[in-house]
Structures are given as structure tokens and as C-alpha cells.
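run.cif (mmCIF, C-alpha atoms)
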```
data_target
#
loop_
_atom_site.group_PDB
_atom_site.id
_atom_site.type_symbol
_atom_site.label_atom_id
_atom_site.label_comp_id
_atom_site.auth_asym_id
_atom_site.auth_seq_id
_atom_site.Cartn_x
_atom_site.Cartn_y
_atom_site.Cartn_z
ATOM 1 C CA MET A 132 13.583 -39.682 -39.326
ATOM 2 C CA ILE A 133 10.056 -41.056 -39.088
ATOM 3 C CA LYS A 134 10.255 -42.224 -42.725
ATOM 4 C CA PHE A 135 13.564 -43.930 -41.921
ATOM 5 C CA PHE A 136 12.045 -45.995 -39.071
ATOM 6 C CA ARG A 137 8.972 -46.752 -41.168
ATOM 7 C CA LYS A 138 11.174 -48.080 -44.015
ATOM 8 C CA ILE A 139 12.981 -50.400 -41.612
ATOM 9 C CA ARG A 140 9.657 -51.806 -40.387
ATOM 10 C CA TYR A 141 8.448 -52.443 -43.923
ATOM 11 C CA ASN A 142 11.713 -54.181 -44.886
ATOM 12 C CA LEU A 143 11.536 -56.502 -41.846
ATOM 13 C CA MET A 144 7.906 -57.412 -42.548
ATOM 14 C CA GLU A 145 8.498 -58.004 -46.251
ATOM 15 C CA THR A 146 11.457 -60.307 -45.603
ATOM 16 C CA GLY A 147 9.415 -62.329 -43.068
ATOM 17 C CA LYS A 148 11.637 -61.472 -40.157
ATOM 18 C CA THR A 149 8.712 -61.167 -37.736
ATOM 19 C CA GLY A 150 10.754 -61.800 -34.571
ATOM 20 C CA LYS A 151 13.207 -59.111 -35.439
ATOM 21 C CA TYR A 152 10.303 -56.824 -36.318
ATOM 22 C CA PHE A 153 8.725 -57.213 -32.868
ATOM 23 C CA LYS A 154 12.088 -56.627 -31.193
ATOM 24 C CA TYR A 155 12.524 -53.558 -33.301
ATOM 25 C CA ALA A 156 8.971 -52.369 -32.526
ATOM 26 C CA ILE A 157 9.580 -52.797 -28.790
ATOM 27 C CA GLY A 158 12.869 -50.920 -29.114
ATOM 28 C CA GLU A 159 11.122 -48.147 -30.969
ATOM 29 C CA ILE A 160 8.466 -47.902 -28.245
ATOM 30 C CA VAL A 161 11.195 -47.764 -25.611
ATOM 31 C CA LEU A 162 12.898 -44.950 -27.512
ATOM 32 C CA VAL A 163 9.612 -43.070 -27.776
ATOM 33 C CA VAL A 164 8.967 -43.489 -24.032
ATOM 34 C CA ILE A 165 12.502 -42.354 -23.220
ATOM 35 C CA GLY A 166 11.987 -39.364 -25.507
ATOM 36 C CA ILE A 167 8.725 -38.484 -23.742
ATOM 37 C CA LEU A 168 10.372 -38.835 -20.316
ATOM 38 C CA ILE A 169 13.254 -36.629 -21.369
ATOM 39 C CA ALA A 170 10.814 -34.053 -22.745
ATOM 40 C CA LEU A 171 8.827 -34.131 -19.483
ATOM 41 C CA GLN A 172 12.027 -33.797 -17.472
ATOM 42 C CA ILE A 173 13.112 -30.816 -19.548
ATOM 43 C CA ASN A 174 9.658 -29.290 -19.155
ATOM 44 C CA ASN A 175 9.712 -29.870 -15.383
ATOM 45 C CA TRP A 176 13.194 -28.414 -15.153
ATOM 46 C CA ASN A 177 12.109 -25.369 -17.126
ATOM 47 C CA GLU A 178 9.011 -24.887 -14.954
ATOM 48 C CA HIS A 179 11.154 -25.202 -11.818
ATOM 49 C CA ARG A 180 13.589 -22.645 -13.246
ATOM 50 C CA LEU A 181 10.751 -20.208 -13.964
ATOM 51 C CA GLU A 182 9.302 -20.765 -10.480
ATOM 52 C CA ARG A 183 12.685 -20.051 -8.908
ATOM 53 C CA ILE A 184 12.943 -16.852 -10.947
ATOM 54 C CA GLU A 185 9.478 -15.787 -9.750
ATOM 55 C CA GLU A 186 10.312 -16.832 -6.174
ATOM 56 C CA LYS A 187 13.427 -14.663 -6.265
ATOM 57 C CA ALA A 188 11.396 -11.699 -7.548
ATOM 58 C CA ILE A 189 8.805 -12.259 -4.821
ATOM 59 C CA LEU A 190 11.455 -12.432 -2.087
ATOM 60 C CA GLU A 191 13.124 -9.271 -3.371
ATOM 61 C CA ALA A 192 9.765 -7.435 -3.330
ATOM 62 C CA ILE A 193 8.991 -8.719 0.178
ATOM 63 C CA LYS A 194 12.383 -7.515 1.385
ATOM 64 C CA VAL A 195 11.716 -4.017 0.031
ATOM 65 C CA ASP A 196 8.307 -4.011 1.736
ATOM 66 C CA PHE A 197 9.791 -4.997 5.075
ATOM 67 C CA LYS A 198 12.505 -2.364 4.809
ATOM 68 C CA ASN A 199 9.785 0.241 4.213
ATOM 69 C CA ALA A 200 7.800 -1.189 7.134
ATOM 70 C CA ILE A 201 10.821 -0.764 9.434
ATOM 71 C CA VAL A 202 11.117 2.884 8.373
ATOM 72 C CA GLU A 203 7.431 3.450 9.165
ATOM 73 C CA PHE A 204 7.694 1.595 12.482
ATOM 74 C CA ASN A 205 10.579 3.826 13.549
ATOM 75 C CA GLU A 206 8.605 6.939 12.578
ATOM 76 C CA LEU A 207 5.597 5.675 14.539
ATOM 77 C CA ASN A 208 7.684 5.052 17.636
ATOM 78 C CA ASN A 209 9.369 8.428 17.298
ATOM 79 C CA ASN A 210 5.930 10.066 17.385
ATOM 80 C CA ARG A 211 4.860 7.842 20.277
ATOM 81 C CA THR A 212 7.980 8.817 22.204
ATOM 82 C CA VAL A 213 7.161 12.494 21.675
ATOM 83 C CA LEU A 214 3.648 11.764 22.966
ATOM 84 C CA GLU A 215 5.107 9.901 25.946
ATOM 85 C CA GLU A 216 7.364 12.832 26.866
ATOM 86 C CA ALA A 217 4.461 15.287 26.603
ATOM 87 C CA SER A 218 2.361 13.063 28.883
ATOM 88 C CA LYS A 219 5.186 12.916 31.451
ATOM 89 C CA THR A 220 5.397 16.704 31.435
ATOM 90 C CA ILE A 221 1.652 16.996 32.024
ATOM 91 C CA PHE A 222 1.751 14.408 34.834
ATOM 92 C CA THR A 223 4.490 16.483 36.487
ATOM 93 C CA ILE A 224 2.354 19.621 36.249
ATOM 94 C CA ILE A 225 -0.683 17.811 37.686
ATOM 95 C CA LYS A 226 1.291 16.390 40.598
ATOM 96 C CA SER A 227 3.116 19.629 41.469
ATOM 97 C CA LYS A 228 -0.076 21.683 41.125
ATOM 98 C CA GLU A 229 2.132 24.441 39.788
ATOM 99 C CA ILE A 230 2.149 25.711 36.209
ATOM 100 C CA ILE A 231 5.620 26.975 35.389
ATOM 101 C CA TYR A 232 5.094 27.079 31.618
ATOM 102 C CA THR A 233 3.941 29.956 29.432
ATOM 103 C CA LYS A 234 0.702 29.807 27.463
ATOM 104 C CA THR A 235 2.635 29.186 24.256
ATOM 105 C CA GLU A 236 4.550 26.316 25.870
ATOM 106 C CA LEU A 237 1.373 24.776 27.299
ATOM 107 C CA ASP A 238 -0.378 24.960 23.938
ATOM 108 C CA SER A 239 2.603 23.235 22.314
ATOM 109 C CA ILE A 240 2.612 20.468 24.938
ATOM 110 C CA LEU A 241 -1.145 19.903 24.775
ATOM 111 C CA SER A 242 -1.169 19.945 20.970
ATOM 112 C CA ILE A 243 1.044 16.853 21.035
ATOM 113 C CA LEU A 244 -1.834 14.967 22.687
ATOM 114 C CA LEU A 245 -3.708 15.268 19.379
ATOM 115 C CA ILE A 246 -1.146 13.006 17.695
ATOM 116 C CA GLY A 247 -2.627 9.657 16.679
ATOM 117 C CA PRO A 248 0.087 7.562 14.988
ATOM 118 C CA THR A 249 -1.271 4.525 13.138
ATOM 119 C CA TYR A 250 0.369 1.871 10.983
ATOM 120 C CA ASN A 251 -0.442 2.064 7.251
ATOM 121 C CA SER A 252 0.857 -1.444 6.407
ATOM 122 C CA GLN A 253 3.908 -1.407 4.150
ATOM 123 C CA THR A 254 3.731 -5.098 3.185
ATOM 124 C CA LYS A 255 1.537 -5.017 0.084
ATOM 125 C CA THR A 256 3.472 -7.835 -1.590
ATOM 126 C CA LEU A 257 2.585 -10.107 1.310
ATOM 127 C CA GLU A 258 -1.104 -9.296 0.900
ATOM 128 C CA VAL A 259 -0.908 -10.116 -2.820
ATOM 129 C CA LEU A 260 0.804 -13.420 -2.013
ATOM 130 C CA PHE A 261 -1.961 -14.467 0.354
ATOM 131 C CA ASN A 262 -4.732 -13.371 -2.009
ATOM 132 C CA SER A 263 -3.197 -14.954 -5.129
ATOM 133 C CA GLY A 264 -2.246 -18.257 -3.494
ATOM 134 C CA LYS A 265 1.389 -17.865 -4.540
ATOM 135 C CA MET A 266 2.725 -18.375 -1.021
ATOM 136 C CA ASN A 267 3.759 -21.898 -2.072
ATOM 137 C CA PHE A 268 6.241 -20.358 -4.505
ATOM 138 C CA ILE A 269 8.413 -19.725 -1.437
ATOM 139 C CA SER A 270 10.397 -22.909 -0.882
ATOM 140 C CA ASN A 271 12.058 -21.934 2.417
ATOM 141 C CA ASP A 272 9.723 -23.110 5.198
ATOM 142 C CA SER A 273 11.297 -20.802 7.809
ATOM 143 C CA ILE A 274 10.557 -17.737 5.691
ATOM 144 C CA LYS A 275 7.075 -18.990 4.875
ATOM 145 C CA ASP A 276 6.227 -19.611 8.550
ATOM 146 C CA LYS A 277 7.405 -16.145 9.573
ATOM 147 C CA LEU A 278 5.406 -14.496 6.794
ATOM 148 C CA VAL A 279 2.270 -16.361 7.823
ATOM 149 C CA ASN A 280 2.807 -15.344 11.470
ATOM 150 C CA TRP A 281 3.545 -11.705 10.554
ATOM 151 C CA SER A 282 -0.100 -10.755 10.064
ATOM 152 C CA LYS A 283 -0.942 -11.925 13.594
ATOM 153 C CA LEU A 284 1.874 -9.829 15.094
ATOM 154 C CA VAL A 285 0.715 -6.742 13.188
ATOM 155 C CA GLU A 286 -2.872 -7.380 14.224
ATOM 156 C CA ASP A 287 -1.849 -7.474 17.899
ATOM 157 C CA MET A 288 -0.050 -4.141 17.580
ATOM 158 C CA THR A 289 -2.752 -2.349 15.591
ATOM 159 C CA GLU A 290 -5.482 -3.566 17.948
ATOM 160 C CA GLY A 291 -3.908 -1.727 20.886
ATOM 161 C CA GLU A 292 -3.070 1.183 18.619
ATOM 162 C CA LEU A 293 -6.725 1.597 17.609
ATOM 163 C CA GLN A 294 -7.840 1.357 21.234
ATOM 164 C CA GLY A 295 -5.506 4.252 22.005
ATOM 165 C CA ILE A 296 -7.074 6.248 19.161
ATOM 166 C CA GLU A 297 -10.525 5.536 20.597
ATOM 167 C CA VAL A 298 -9.400 6.938 23.963
ATOM 168 C CA LEU A 299 -8.108 10.023 22.144
ATOM 169 C CA LYS A 300 -11.361 10.610 20.253
ATOM 170 C CA ASP A 301 -13.853 9.672 22.970
ATOM 171 C CA LYS A 302 -12.109 10.893 26.124
ATOM 172 C CA VAL A 303 -9.041 13.105 25.638
ATOM 173 C CA ILE A 304 -10.430 15.436 22.970
ATOM 174 C CA PRO A 305 -13.777 16.060 24.771
ATOM 175 C CA LEU A 306 -11.877 17.034 27.952
ATOM 176 C CA LEU A 307 -9.515 19.333 26.088
ATOM 177 C CA ASN A 308 -12.511 20.826 24.318
ATOM 178 C CA THR A 309 -14.030 21.717 27.707
ATOM 179 C CA TYR A 310 -11.046 23.682 29.001
ATOM 180 C CA VAL A 311 -8.785 24.611 26.106
ATOM 181 C CA SER A 312 -9.099 26.554 22.873
ATOM 182 C CA PHE A 313 -8.442 24.169 20.014
ATOM 183 C CA PHE A 314 -7.700 27.183 17.870
ATOM 184 C CA ASP A 315 -4.539 27.771 19.908
ATOM 185 C CA LEU A 316 -3.635 24.082 19.870
ATOM 186 C CA ASN A 317 -4.063 23.883 16.108
ATOM 187 C CA THR A 318 -1.603 26.708 15.495
ATOM 188 C CA LYS A 319 1.027 24.579 17.264
ATOM 189 C CA PHE A 320 0.150 21.401 15.394
ATOM 190 C CA LYS A 321 2.532 20.137 12.715
ATOM 191 C CA PHE A 322 2.204 17.435 10.102
ATOM 192 C CA LYS A 323 5.511 16.067 8.779
ATOM 193 C CA ASN A 324 7.203 19.253 10.068
ATOM 194 C CA TYR A 325 4.741 21.475 8.195
ATOM 195 C CA ASP A 326 2.604 24.058 10.021
ATOM 196 C CA MET A 327 -1.082 23.375 9.515
ATOM 197 C CA PHE A 328 -2.381 26.789 10.616
ATOM 198 C CA ASP A 329 -1.313 30.417 10.641
ATOM 199 C CA LYS A 330 0.711 30.908 13.844
ATOM 200 C CA THR A 331 0.031 34.642 13.889
ATOM 201 C CA LEU A 332 -3.669 34.086 14.577
ATOM 202 C CA GLN A 333 -5.041 33.948 18.125
ATOM 203 C CA SER A 334 -8.196 32.519 19.631
ATOM 204 C CA ALA A 335 -11.019 34.795 20.776
ATOM 205 C CA TYR A 336 -11.447 32.567 23.835
ATOM 206 C CA SER A 337 -9.208 31.937 26.825
ATOM 207 C CA SER A 338 -7.988 28.484 27.843
ATOM 208 C CA ASN A 339 -8.397 27.392 31.457
ATOM 209 C CA TYR A 340 -5.272 25.303 32.027
ATOM 210 C CA LYS A 341 -5.592 25.371 35.804
ATOM 211 C CA GLU A 342 -9.002 23.671 35.849
ATOM 212 C CA LEU A 343 -7.877 21.189 33.193
ATOM 213 C CA PHE A 344 -4.944 20.035 35.289
ATOM 214 C CA GLU A 345 -7.118 19.845 38.386
ATOM 215 C CA ASP A 346 -9.671 17.608 36.688
ATOM 216 C CA ARG A 347 -9.065 14.001 37.818
ATOM 217 C CA ASN A 348 -10.668 12.700 34.620
ATOM 218 C CA PHE A 349 -7.917 14.337 32.605
ATOM 219 C CA GLU A 350 -5.196 12.498 34.498
ATOM 220 C CA ASN A 351 -7.132 9.232 34.252
ATOM 221 C CA VAL A 352 -7.756 9.341 30.513
ATOM 222 C CA LEU A 353 -4.189 10.487 29.919
ATOM 223 C CA SER A 354 -2.931 7.511 31.945
ATOM 224 C CA LEU A 355 -5.143 5.155 29.949
ATOM 225 C CA ARG A 356 -3.908 6.507 26.646
ATOM 226 C CA GLU A 357 -0.311 6.351 27.822
ATOM 227 C CA LEU A 358 -0.837 2.676 28.641
ATOM 228 C CA TYR A 359 -1.933 1.882 25.071
ATOM 229 C CA ASN A 360 0.855 4.089 23.722
ATOM 230 C CA LYS A 361 3.520 2.218 25.701
ATOM 231 C CA VAL A 362 2.184 -1.184 24.629
ATOM 232 C CA ALA A 363 2.234 -0.026 20.990
ATOM 233 C CA ILE A 364 5.893 1.014 21.361
ATOM 234 C CA ILE A 365 6.851 -2.386 22.802
ATOM 235 C CA GLU A 366 4.939 -4.371 20.160
ATOM 236 C CA THR A 367 6.270 -2.185 17.331
ATOM 237 C CA ASN A 368 9.842 -2.761 18.528
ATOM 238 C CA GLN A 369 9.122 -6.494 18.408
ATOM 239 C CA LEU A 370 7.857 -6.093 14.837
ATOM 240 C CA ILE A 371 11.066 -4.265 13.885
ATOM 241 C CA VAL A 372 13.143 -7.148 15.256
ATOM 242 C CA GLU A 373 10.995 -9.707 13.417
ATOM 243 C CA ALA A 374 11.131 -7.717 10.151
ATOM 244 C CA LYS A 375 14.936 -7.639 10.369
ATOM 245 C CA ASN A 376 14.974 -11.406 10.989
ATOM 246 C CA ILE A 377 12.828 -11.977 7.888
ATOM 247 C CA ILE A 378 15.104 -9.772 5.774
ATOM 248 C CA GLU A 379 18.144 -11.692 7.032
ATOM 249 C CA LEU A 380 16.507 -15.024 6.135
ATOM 250 C CA ILE A 381 15.669 -13.720 2.669
ATOM 251 C CA ASN A 382 19.243 -12.515 2.153
ATOM 252 C CA THR A 383 20.520 -15.937 3.171
ATOM 253 C CA GLU A 384 18.081 -17.630 0.778
ATOM 254 C CA LEU A 385 19.137 -15.314 -2.049
ATOM 255 C CA LYS A 386 22.774 -15.687 -0.968
ATOM 256 C CA ILE A 387 23.438 -11.977 -0.850
ATOM 257 C CA ASP A 388 25.095 -9.716 1.697
ATOM 258 C CA ASP A 389 22.862 -6.736 2.353
#
```
Please express the file's structure as C-alpha cells.
Amino acid sequence: MIKFFRKIRYNLMETGKTGKYFKYAIGEIVLVVIGILIALQINNWNEHRLERIEEKAILEAIKVDFKNAIVEFNELNNNRTVLEEASKTIFTIIKSKEIIYTKTELDSILSILLIGPTYNSQTKTLEVLFNSGKMNFISNDSIKDKLVNWSKLVEDMTEGELQGIEVLKDKVIPLLNTYVSFFDLNTKFKFKNYDMFDKTLQSAYSSNYKELFEDRNFENVLSLRELYNKVAIIETNQLIVEAKNIIELINTELKIDD
């Protein structure tokens, strides 16, 4: 093809048809420019197609992460609800000044106070997006804005969550250690429905439940921890709602019915 155009140019120059040659040369330049523009357009279209493919993969991965996060949030709140019920039982005992529970029952109730549910962050894809700078691959501004705001919502929840853990470590556990045998509490403690200690074993020391429940500090620190626990439940429920909203937006963007 190049030889064909070159032959035409030579023929025009040799026959002295300079005007026609220039017109031809301009036409050839125009064709070349058009060819370049078409090539660029095809390249841009191909890049856009590849970006959309990657965007779809990213959105699918984010959706999986948020589904996993919802599962973890529900588990966290289930544990927090168990903690809340145990605290209510203890407050009832403190107020009534009457212990109507057996030692085994009391150990089971108090062992629940050792629970410290914390969020492990199930949105790894989101972290990779922020660190890699690929957030701009997401073309939907509504999704992008919610993903950017998500970290702040999680930070608010985990901040209160960690404060509750600090109360557990610095205040609740030292008080329990003063009056109660942790050996007995440990035999009642479960992790993911698995027993952590041999239930047939017994402590060599007696627990003084009466003095524990009469200690004002115990009620105070329990109230403080319950405050952080309740706030964590509320904020986690808000995160569940927001995670579902993000998943719905992603499904709409991907045009699927999940």
C-alpha cells in the first residue's frame, strides 16, 4: 500500500502536475491523521473496556467483603447482647442484695464479663483500593463517596469498642480478680462454642460473690462498660445498614439482582 501511494506521487511529479501533487499530498496527510485518530479512538475504547472489566471485578470483590463484614457485625452484636444480658442480671443481683443463683450459675454469668468482642475489618479490598490509588476506577460517584466515608464510620465504632476493652482490662478484671477465682470462671468460658478448660477441675480457692456485689466500684465499672457496649451495638447496627446500602448500589451498578 505504501509503495502504491509512493508510485502515484512519483508519477505526478514526473508529469509536472505539481498542483495535483500537493492536493494529493494534503489528502494523504489527512488520511494519515484520520488513521491515527481512529487508532487512538480504538486504543481509548479498548482501555475503557479493560478499565470497566477491572472496575466490575473490584466492585464484585468489595461486595463480597461487605457481605463478610455484615456477618462479623452480626456476630459482634450477638456477643454484645449476651454481655448486656449478663450485666442486667448482675445489676438485678446488686440491687436486690440477694443471691438466688448457684455457684455454677454465678461463675457462668461472671465469665461472660470476660468477653471482649472487637471488629477484625472484613474490607481488605477497600484497603487495597486506597493504598493502590485505584479508587478512581470506580465511576459511580455515590458508591465512591460511601466507600470513602466508610472508614470514618468504622473508626467511630472501633474507638468506643476499644475504650470498652480498656475498661475491661483496667477496671473489671482487677475487681473480679480481688473477689473471684478466675480458675472457676475460665472453666465456664467458651470460644466459638468450644470449651477452653477442663470443666471437671475446681479451684483451690473460694470466690466471695457477696463482697463483690456489695462493692460500689464493681457496679460503677460495670455501668461504664455497659455504656460503651451499648454505643458499640448502636454504631454497629448503623454500619450494617450502610453496608447493605453499598451492596445495593453495587448491584444496581452491575445491573444484577442479588
| request: Using all atoms listed in the file, find the one residue out of A:Leu190, A:Ile201, A:Val352, A:Val285 that sits nearest to Asn271 of chain A. | output: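 Checking each of A:Leu190, A:Ile201, A:Val352, A:Val285 against Asn271 of chain A, counting all atoms listed in the file, the winner is A:Leu190.
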| request: Please write as a PyMOL selection string the full residue list that the PyMOL selection byres ((chain A and resi 335-341) around 12) yields on this file. | output: chain A and resi 221+224-225+227-238+240-241+306-316+332-334+342-346+349
| field | Residues selected by the PyMOL selection byres ((chain A and resi 358-372) around 7), written as a count of residues only | value | 16
| request: Tell me which residues the PyMOL selection byres ((chain A and resi 186) around 10) grabs here, as a PyMOL selection string. | output: chain A and resi 180-185+187-192+265-270+385
| Leu353 of chain A: which residues within 10 Å, counting all atoms listed in the file, same-chain residues fewer than 6 positions away excluded, as a list of chain:residue names? | A:Ser218, A:Lys219, A:Ile221, A:Phe222, A:Leu244, A:Val298, A:Leu299, A:Lys302, A:Val303, A:Arg347
| What is the atom CA of Lys194 of chain A-atom CA of Ile378 of chain A distance in Å, reported with one decimal? | 5.6 Å
| In Å to one decimal, how far is atom CA of Pro248 of chain A from atom CA of Leu260 of chain A? |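 Rounded to one decimal, the two atoms are 27.0 Å apart.
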